[in-house]
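J.: Pasting a structure here, questions to come.
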Amino acid sequence: MAGNTTIRGRGLARVAPGVRYASAAFAAVFAVSTAAQIGPLDDLLDDLIDEQVEEQLEEALEEVVEDAVEDQVEETVEAAVEQTVEATVEATVEAQIETVVTNAIVQQVESGVTEVVQQQIESGVTGTIVQKLEATIEETVGDTLESTVENTLGGTLDEVVEGVGETLGQTINQTLDETIGVGTDDDEQAATETFAAGLDALGRATEREIWVILVPDEHVARIAGWGFNIRARQTLGGLNRVMLRVDAPEDREIAQAALDLALDAPGTVVDFNHLYGPSDEVAAPTAAAATVAGRVQAAPQAPLPPAITIGIIDSAVALDHPTFHDADVVQRDFVPFAAPRPLDHGTAVASLLVGENGTLRSKQGRARLNAAAVFFADEGGNPIATMASLVTALSWQAAEGVAVVNMSLAGPPNRVLETAIEAATAGGMLVVAAVGNNGPAGEPLYPAAYSTVVGVTAVDSGNRVYRYANRGHHVMFAAPGVRVRVAQSDGGYDTRSGTSMAAPYAAAIIAQSVAEHVAPSTDGVLAALKAGAIDLGAKDFDDVFGHGLIAAVK
C-alpha cells in the first residue's frame with residue numbers, strides 16, 4: 001500500500017519524512033513511558049522478594065521457636081514431675097516413718113508410763129507429804145507433842161511420822177492400781193472377781209476361758225499389738241517379767257498362740273490358768289479375805305535383823321494362834337477372787353517352821369517367815385489356788401530376797417509356772433516342794449517334778465517311806481512327815497501326815513545351811529546336803545528316798 005511504511009527484517013525502509021518525525025516522537029514517548037514503568041516493577045519485584053523472604057523466615061523461625069518451646073516445655077514438665085514425685089514420695093515415706101515411730105513410742109510409753117508414774121508418785125508425793133507433815137508438826141506443836149507421842153505411842157516423833165508416810169504411800173499405790181488398772185507384785189490385789197472353773201483339753205482343772213501370758217520385761221512394748229482382752233496386768237519385779245491374765249480368744253488355739261508369741265517376743269510363754277491344791281487332803285477352816293494379810297512380829301526389843309528369812313506359798317496362816325505369839329511373820333494375800341480363804345494347811349506348815357517349837361524357832365531364834373496366801377475355797381469348800389497366784393507370790397518372795405521358799409502344793413505341769421520358777425532359781429532362790437500323795441504309781445506332780453525344784457518325800461520315825469507318797473527320779477530328799485505335831489487354825493494342835501509336812505522340815509534345813517554359808521552358792525549348798533544325807537533304801541540315789549534323809553551340814 002502506497003505511502004505506507006513497510007518493515008522488513010530488523011531494518012527500517014525508507015520512510016516518509018513526516019512519518020519519520022512521527023515515529024521518533026513515538027519512540028521517545030515509549031522510552032519515557034517504559035522507563036517510567038520499569039521503576040515500579042523493580043519496586044514490585046523487591047516487594048515480592050521481601051515478602052517471600054519474610055514468609056520463609058517466618059516459617060523457619062516458627063519451626064525453630066516451636067522446637068525450642070517444645071524442648072523447653074518438655075524439660076520444664078519433666079523437672080516439675082520429678083519434683084512433684086520426689087515431694088510426694090518424701091511426704092509419704094515421712095508420714096509412714098512418723099506413724100511407725102509414733103506407734104512404737106506410744107506402745108513404749110503405754111507400757112512404761114504406769115510404772116514411772118507410780119514410782120514418781122510413791123517417791124515424790126509420799127516424800128513431800130512426809131516432809132510437810134514433819135515440818136507442820138514441829139512448827140505447830142514442837143516438843144510438847146513429841147514427848148506426848150513418845151509416852152503414849154511408844155516411839156519417837158520421827159518414827160510415827162515415818163509410819164504415817166508408809167501408810168500414805170500404801171494408800172497411794174492402792175489408789176493408783178484401782179484407777180489405772182495395773183497392779184504390781186508389791187500391791188495387794190483387790191478381791192472382787194468371781195472364780196469360774198473349767199477344764200483344759202486334757203481334762204485338767206483350770207480357770208474357765210482364761211490364759212496366762214508371761215512376758216520378759218524387754219518385750220512389754222509388743223503386748224499392745226497382740227489383740228488380747230486383758231483381764232489383769234501385773235509387773236513382776238522379782239522375776240523381771242510382766243504377767244497378763246487374758247480372755248482366751250475363740251479363734252485361736254493356745255498352742256499356735258504360744259508359738260506366735262514366742263516368735264514375736266522371745267522368752268514369752270502362755271498356758272492355761274491351772275489349779276493347784278495342798279499336797280495333803282485336809283479340812284479347810286476359812287477366814288474372810290479381808291483378814292488374811294497381816295503381821296505378827298517378834299518382840300520389839302530385839303534389835304537384830306532375822307538370821308534367816310524363809311518363805312511359804314500356801315493357804316493363809318491363822319496368825320492369832322498362840323504358837324505364833326512371839327514369831328516374826330509377814331503375810332500377804334495373792335488371791336484376786338472374792339471367796340473365803342482357807343487357814344488350816346498354811347497354819348500347819350507355818351507352825352513347823354516358826355511355831356513355838358518349830359524347826360527354825362528351835363534352831364534359829366531370829367527366823368522370819370514370809371507367808372504368801374494363794375488358796376481360796378471353791379464352791380465345795382475345797383482349797384484351790386490358780387497358777388497365776390503362785391507366780392505372783394513367787395515374784396514377791398524373790399523381790400523380798402527370800403533365799404528358800406517352800407511350796408507344799410501340787411498340780412499339773414504348766415509352762416508359765418515352770419518359767420517363773422526358772423527365773424526365780426536363776427536369781428539364787430531355792431524352791432522346795434512336796435512330791436505329792438498320789439501313791440507309788442502316781443503321775444509326777446508339779447512344781448516338785450521340775451528339774452530346778454527340790455522335791456521332798458515323807459518318812460516316819462522309823463525312816464519308812466509314807467505309803468501314799470509319790471515316787472520318781474524327781475525325789476531329791478526324804479524328811480520327817482508322818483504323824484508330826486502341827487498347829488490347827490482353830491487354836492489347838494493335831495498330828496498330820498504327808499509330803500506337805502515333810503517339805504517344810506527340809507526347807508528349814510536348807511535355809512539354815514544357806515544362812516550359815518556352808519557353801520558359796522546354792523548349788524554348793526545342795527551338793528553338801530546330798531553328800532551329807534543319810535542313805536535310805538537302795539544304795540545311793542533311788543526313786544523312793546532320793547539322796548536320803550536330809551540332815552544339817554556339820
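So you can find residues: chains in the C-alpha cells are A, B, ... in the order shown, residues in each start at 1, and ligands are numbered from 1 in order.
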Show me, as a ChimeraX atom specification, the residues that have an atom within 8 Å of A:Gly532 when counting only C-alpha atoms, minus same-chain residues fewer than 2 positions from it.
T.: /A:528-530,534,550-553
J.: Excluding stretch 374-389 of chain A and any residue of its chain fewer than 6 positions from it, enumerate the residues within 6 Å of it, using only C-alpha atoms, and give them as a list in words.
T.: Asn273, His274, Leu275, Tyr276, Gly277, Asp314, Ser315, Phe334, Val335, Pro340, Arg341 and Pro342 of chain A
J.: When DSSP works through the backbone of this structure, what residues of stretch 224-438 of chain A end up as alpha helix (DSSP H), shown as an MDAnalysis selection string?
T.: chainID A and resid 254:264 344:354 359:363 387:399 415:426
J.: Restrict the selected residues to N, CA and C atoms and save them as a short mmCIF file (atom, residue, chain, number, x, y, z; two decimals), in the first residue's frame.
T.:
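The new file part.cif reads:
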data_model
loop_
_atom_site.label_atom_id
_atom_site.label_comp_id
_atom_site.auth_asym_id
_atom_site.auth_seq_id
_atom_site.Cartn_x
_atom_site.Cartn_y
_atom_site.Cartn_z
N ILE A 254 -4.38 -72.39 121.72
CA ILE A 254 -3.33 -71.95 122.63
C ILE A 254 -1.95 -72.38 122.14
N ALA A 255 -1.85 -73.54 121.49
CA ALA A 255 -0.54 -73.99 121.00
C ALA A 255 -0.01 -73.05 119.92
N GLN A 256 -0.88 -72.66 118.99
CA GLN A 256 -0.48 -71.73 117.94
C GLN A 256 -0.16 -70.36 118.51
N ALA A 257 -0.98 -69.92 119.47
CA ALA A 257 -0.73 -68.63 120.10
C ALA A 257 0.63 -68.64 120.82
N ALA A 258 0.94 -69.74 121.47
CA ALA A 258 2.23 -69.84 122.17
C ALA A 258 3.39 -69.72 121.20
N LEU A 259 3.26 -70.35 120.04
CA LEU A 259 4.31 -70.27 119.02
C LEU A 259 4.43 -68.86 118.47
N ASP A 260 3.29 -68.24 118.15
CA ASP A 260 3.30 -66.89 117.59
C ASP A 260 3.93 -65.89 118.56
N LEU A 261 3.56 -65.98 119.82
CA LEU A 261 4.09 -65.04 120.82
C LEU A 261 5.58 -65.26 121.04
N ALA A 262 6.00 -66.52 121.04
CA ALA A 262 7.42 -66.81 121.26
C ALA A 262 8.27 -66.28 120.10
N LEU A 263 7.73 -66.34 118.87
CA LEU A 263 8.45 -65.81 117.72
C LEU A 263 8.48 -64.29 117.74
N ASP A 264 7.38 -63.69 118.15
CA ASP A 264 7.29 -62.22 118.18
C ASP A 264 8.07 -61.63 119.34
N ASP A 344 -6.24 -73.72 157.36
CA ASP A 344 -5.73 -74.90 158.04
C ASP A 344 -4.34 -75.33 157.55
N HIS A 345 -4.18 -75.50 156.26
CA HIS A 345 -2.94 -76.05 155.72
C HIS A 345 -1.76 -75.11 155.95
N GLY A 346 -1.93 -73.84 155.65
CA GLY A 346 -0.85 -72.88 155.84
C GLY A 346 -0.45 -72.74 157.30
N THR A 347 -1.44 -72.82 158.20
CA THR A 347 -1.15 -72.73 159.63
C THR A 347 -0.29 -73.91 160.09
N ALA A 348 -0.63 -75.10 159.60
CA ALA A 348 0.15 -76.29 159.96
C ALA A 348 1.59 -76.19 159.44
N VAL A 349 1.74 -75.78 158.18
CA VAL A 349 3.08 -75.67 157.59
C VAL A 349 3.90 -74.61 158.32
N ALA A 350 3.28 -73.45 158.59
CA ALA A 350 3.99 -72.36 159.25
C ALA A 350 4.43 -72.77 160.65
N SER A 351 3.59 -73.55 161.34
CA SER A 351 3.95 -73.95 162.71
C SER A 351 5.17 -74.86 162.73
N LEU A 352 5.39 -75.62 161.66
CA LEU A 352 6.57 -76.48 161.59
C LEU A 352 7.85 -75.68 161.39
N LEU A 353 7.69 -74.45 160.91
CA LEU A 353 8.86 -73.61 160.64
C LEU A 353 9.14 -72.63 161.77
N VAL A 354 8.13 -71.82 162.13
CA VAL A 354 8.36 -70.73 163.09
C VAL A 354 7.37 -70.76 164.25
N THR A 359 10.95 -75.88 163.69
CA THR A 359 12.35 -76.21 163.39
C THR A 359 13.24 -74.98 163.41
N LEU A 360 12.82 -73.91 162.76
CA LEU A 360 13.66 -72.72 162.71
C LEU A 360 13.67 -71.99 164.04
N ARG A 361 12.53 -71.97 164.75
CA ARG A 361 12.48 -71.27 166.05
C ARG A 361 13.40 -71.97 167.05
N SER A 362 13.47 -73.29 166.95
CA SER A 362 14.31 -74.01 167.91
C SER A 362 15.79 -73.91 167.56
N LYS A 363 16.08 -73.76 166.27
CA LYS A 363 17.47 -73.71 165.85
C LYS A 363 17.96 -72.28 165.65
N MET A 387 -2.64 -70.95 139.08
CA MET A 387 -1.23 -70.80 138.73
C MET A 387 -0.79 -69.35 138.77
N ALA A 388 -1.66 -68.42 138.33
CA ALA A 388 -1.30 -67.00 138.32
C ALA A 388 -0.99 -66.50 139.72
N SER A 389 -1.73 -66.97 140.71
CA SER A 389 -1.46 -66.56 142.09
C SER A 389 -0.11 -67.11 142.57
N LEU A 390 0.22 -68.34 142.17
CA LEU A 390 1.51 -68.91 142.55
C LEU A 390 2.66 -68.09 141.98
N VAL A 391 2.52 -67.68 140.72
CA VAL A 391 3.58 -66.92 140.06
C VAL A 391 3.75 -65.55 140.72
N THR A 392 2.63 -64.89 141.01
CA THR A 392 2.71 -63.57 141.66
C THR A 392 3.34 -63.68 143.04
N ALA A 393 2.96 -64.71 143.78
CA ALA A 393 3.54 -64.92 145.12
C ALA A 393 5.03 -65.22 145.02
N LEU A 394 5.42 -66.00 144.04
CA LEU A 394 6.83 -66.32 143.84
C LEU A 394 7.64 -65.07 143.55
N SER A 395 7.07 -64.18 142.75
CA SER A 395 7.75 -62.93 142.43
C SER A 395 7.93 -62.07 143.68
N TRP A 396 6.92 -62.02 144.52
CA TRP A 396 7.02 -61.26 145.77
C TRP A 396 8.15 -61.81 146.64
N GLN A 397 8.22 -63.13 146.77
CA GLN A 397 9.28 -63.72 147.58
C GLN A 397 10.65 -63.38 147.00
N ALA A 398 10.77 -63.42 145.68
CA ALA A 398 12.05 -63.09 145.05
C ALA A 398 12.40 -61.62 145.28
N ALA A 399 11.41 -60.74 145.15
CA ALA A 399 11.65 -59.32 145.36
C ALA A 399 12.06 -59.03 146.78
N ARG A 415 3.62 -74.35 131.69
CA ARG A 415 4.79 -73.70 131.14
C ARG A 415 5.06 -72.35 131.80
N VAL A 416 4.03 -71.61 132.13
CA VAL A 416 4.23 -70.31 132.76
C VAL A 416 4.83 -70.47 134.16
N LEU A 417 4.29 -71.42 134.93
CA LEU A 417 4.83 -71.67 136.27
C LEU A 417 6.27 -72.14 136.20
N GLU A 418 6.57 -73.02 135.27
CA GLU A 418 7.94 -73.51 135.11
C GLU A 418 8.90 -72.37 134.79
N THR A 419 8.50 -71.48 133.88
CA THR A 419 9.35 -70.35 133.51
C THR A 419 9.57 -69.42 134.69
N ALA A 420 8.52 -69.19 135.47
CA ALA A 420 8.64 -68.31 136.65
C ALA A 420 9.60 -68.92 137.67
N ILE A 421 9.52 -70.24 137.89
CA ILE A 421 10.42 -70.89 138.84
C ILE A 421 11.85 -70.85 138.31
N GLU A 422 12.03 -71.04 137.01
CA GLU A 422 13.37 -70.97 136.43
C GLU A 422 13.97 -69.58 136.64
N ALA A 423 13.14 -68.55 136.46
CA ALA A 423 13.62 -67.18 136.66
C ALA A 423 14.00 -66.94 138.12
N ALA A 424 13.19 -67.47 139.04
CA ALA A 424 13.48 -67.28 140.47
C ALA A 424 14.74 -68.03 140.88
N THR A 425 14.89 -69.26 140.43
CA THR A 425 16.07 -70.04 140.80
C THR A 425 17.33 -69.50 140.13
N ALA A 426 17.20 -68.93 138.95
CA ALA A 426 18.35 -68.31 138.30
C ALA A 426 18.85 -67.12 139.10
#
J.: Between atom CA of A:Asn437 and atom CA of A:Tyr468, what distance in Å does the model show, to one decimal?
T.: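 Taking atom CA of A:Asn437 as the start and atom CA of A:Tyr468 as the end point, the length is 4.9 Å.
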J.: Mind giving me the straight-line distance from atom CA of A:Leu199 to atom CA of A:Asp251 in Å, one decimal?
T.: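 A separation of 18.0 Å between them.
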J.: Show me, as a PyMOL selection string, the residues that have an atom within 9 Å of A:Val402 when counting only C-alpha atoms, minus same-chain residues fewer than 5 positions from it.
T.: chain A and resi 308-311+370+396-397+429-430
J.: Mind dumping the selected residues with C-alpha atoms as an mmCIF file, in the first residue's frame?
T.:
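Contents of selection13.cif, freshly written:
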data_model
loop_
_atom_site.group_PDB
_atom_site.id
_atom_site.type_symbol
_atom_site.label_atom_id
_atom_site.label_comp_id
_atom_site.auth_asym_id
_atom_site.auth_seq_id
_atom_site.Cartn_x
_atom_site.Cartn_y
_atom_site.Cartn_z
ATOM 1 C CA ILE A 308 17.015 -66.484 158.438
ATOM 2 C CA THR A 309 14.091 -65.483 156.269
ATOM 3 C CA ILE A 310 12.137 -68.337 154.722
ATOM 4 C CA GLY A 311 9.063 -68.172 152.527
ATOM 5 C CA ASN A 370 7.191 -64.563 154.588
ATOM 6 C CA TRP A 396 7.023 -61.264 145.770
ATOM 7 C CA GLN A 397 9.276 -63.722 147.580
ATOM 8 C CA MET A 429 16.358 -68.855 145.132
ATOM 9 C CA LEU A 430 15.917 -72.472 146.188
#
J.: Which residues come within 12 Å of A:Ala527, counting only C-alpha atoms, excluding same-chain residues fewer than 3 positions away, as a VMD selection string?
T.: chain A and resid 454 476 to 477 510 513 518 to 524 530 to 533 547 550 553
J.: Include N, CA and C atoms and write out the residues we just selected as a tab-separated table (two decimals), in the first residue's frame.
T.:
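To be explicit, this is the file written out as again.tsv:
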chain	number	residue	atom	x	y	z
A	454	VAL	N	13.55	-78.62	144.44
A	454	VAL	CA	13.95	-79.68	145.38
A	454	VAL	C	12.70	-80.45	145.80
A	476	MET	N	14.31	-85.71	145.65
A	476	MET	CA	15.70	-85.38	145.97
A	476	MET	C	16.06	-85.75	147.41
A	477	PHE	N	15.13	-85.48	148.35
A	477	PHE	CA	15.40	-85.78	149.76
A	477	PHE	C	14.16	-86.39	150.42
A	510	ILE	N	17.57	-76.59	154.73
A	510	ILE	CA	18.24	-75.91	153.60
A	510	ILE	C	18.46	-74.44	153.91
A	513	SER	N	21.27	-73.97	156.28
A	513	SER	CA	22.56	-74.18	155.62
A	513	SER	C	22.95	-72.96	154.79
A	518	VAL	N	27.32	-72.62	154.29
A	518	VAL	CA	28.09	-73.87	154.23
A	518	VAL	C	28.74	-74.05	152.86
A	519	ALA	N	28.32	-73.27	151.89
A	519	ALA	CA	28.91	-73.30	150.55
A	519	ALA	C	28.70	-71.93	149.92
A	520	PRO	N	29.55	-71.56	148.95
A	520	PRO	CA	29.46	-70.21	148.37
A	520	PRO	C	28.28	-70.00	147.43
A	521	SER	N	27.55	-71.04	147.09
A	521	SER	CA	26.42	-70.90	146.17
A	521	SER	C	25.31	-71.86	146.56
A	522	THR	N	24.13	-71.63	145.99
A	522	THR	CA	23.01	-72.54	146.28
A	522	THR	C	23.30	-73.94	145.74
A	523	ASP	N	23.96	-74.01	144.59
A	523	ASP	CA	24.32	-75.33	144.06
A	523	ASP	C	25.29	-76.03	145.03
A	524	GLY	N	26.18	-75.24	145.60
A	524	GLY	CA	27.12	-75.82	146.55
A	524	GLY	C	26.42	-76.30	147.80
A	530	LYS	N	23.37	-83.17	149.77
A	530	LYS	CA	23.28	-84.50	149.15
A	530	LYS	C	24.37	-85.41	149.70
A	531	ALA	N	25.56	-84.85	149.82
A	531	ALA	CA	26.67	-85.66	150.32
A	531	ALA	C	26.48	-86.05	151.79
A	532	GLY	N	25.77	-85.17	152.55
A	532	GLY	CA	25.58	-85.44	153.97
A	532	GLY	C	24.29	-86.15	154.31
A	533	ALA	N	23.43	-86.45	153.31
A	533	ALA	CA	22.16	-87.12	153.58
A	533	ALA	C	22.38	-88.56	154.04
A	547	HIS	N	18.25	-88.85	147.56
A	547	HIS	CA	19.60	-88.99	148.09
A	547	HIS	C	19.59	-89.44	149.55
A	550	ILE	N	17.40	-85.97	154.73
A	550	ILE	CA	18.16	-84.73	154.78
A	550	ILE	C	18.63	-84.46	156.20
A	553	VAL	N	24.15	-79.82	157.60
A	553	VAL	CA	25.57	-79.98	157.30
A	553	VAL	C	26.38	-79.52	158.50
J.: Which residue is closest to A:Asn229? Choose from A:Ala248, A:Ala487, A:Ala469, A:Met243 and count only C-alpha atoms.
T.: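 Closest to A:Asn229, using only C-alpha atoms: A:Ala248.
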J.: If we count only C-alpha atoms, what is near A:Ala201 at a cut-off of 12 Å, once residues fewer than 2 positions away on the same chain are taken out, given as a list in words?
T.: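 With the cut-off at 12 Å, the set is Gly198, Leu199, Gly203, Arg204, Ala205, Thr206, Arg208, Glu209, Glu253, Ile254, Ala255, Asp271, Phe272 and His274 of chain A.
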J.: Let's have the selection written as a PDB file, in the first residue's frame, with C-alpha atoms.
T.:
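Saved result, out_8.pdb, follows:
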ATOM      1  CA  GLY A 198     -13.168 -75.083 133.653  1.00  0.00           C
ATOM      2  CA  LEU A 199     -11.081 -77.841 132.057  1.00  0.00           C
ATOM      3  CA  GLY A 203      -9.307 -82.651 131.475  1.00  0.00           C
ATOM      4  CA  ARG A 204      -7.151 -80.780 133.997  1.00  0.00           C
ATOM      5  CA  ALA A 205      -8.847 -78.148 136.146  1.00  0.00           C
ATOM      6  CA  THR A 206      -8.347 -74.527 135.100  1.00  0.00           C
ATOM      7  CA  ARG A 208     -12.569 -71.149 132.670  1.00  0.00           C
ATOM      8  CA  GLU A 209     -11.640 -69.489 129.336  1.00  0.00           C
ATOM      9  CA  GLU A 253      -5.635 -72.312 119.656  1.00  0.00           C
ATOM     10  CA  ILE A 254      -3.332 -71.950 122.626  1.00  0.00           C
ATOM     11  CA  ALA A 255      -0.541 -73.991 121.003  1.00  0.00           C
ATOM     12  CA  ASP A 271      -0.610 -71.516 129.269  1.00  0.00           C
ATOM     13  CA  PHE A 272      -3.933 -72.160 130.956  1.00  0.00           C
ATOM     14  CA  HIS A 274      -4.335 -74.339 136.006  1.00  0.00           C
TER      15      HIS A 274
END
J.: Go through A:Leu239, A:Phe337, A:Pro249, A:Gly492 one by one, measure the shortest atom-to-atom distance of each to A:Gly227 using only C-alpha atoms, and give the residue with the smallest value.
T.: A:Pro249
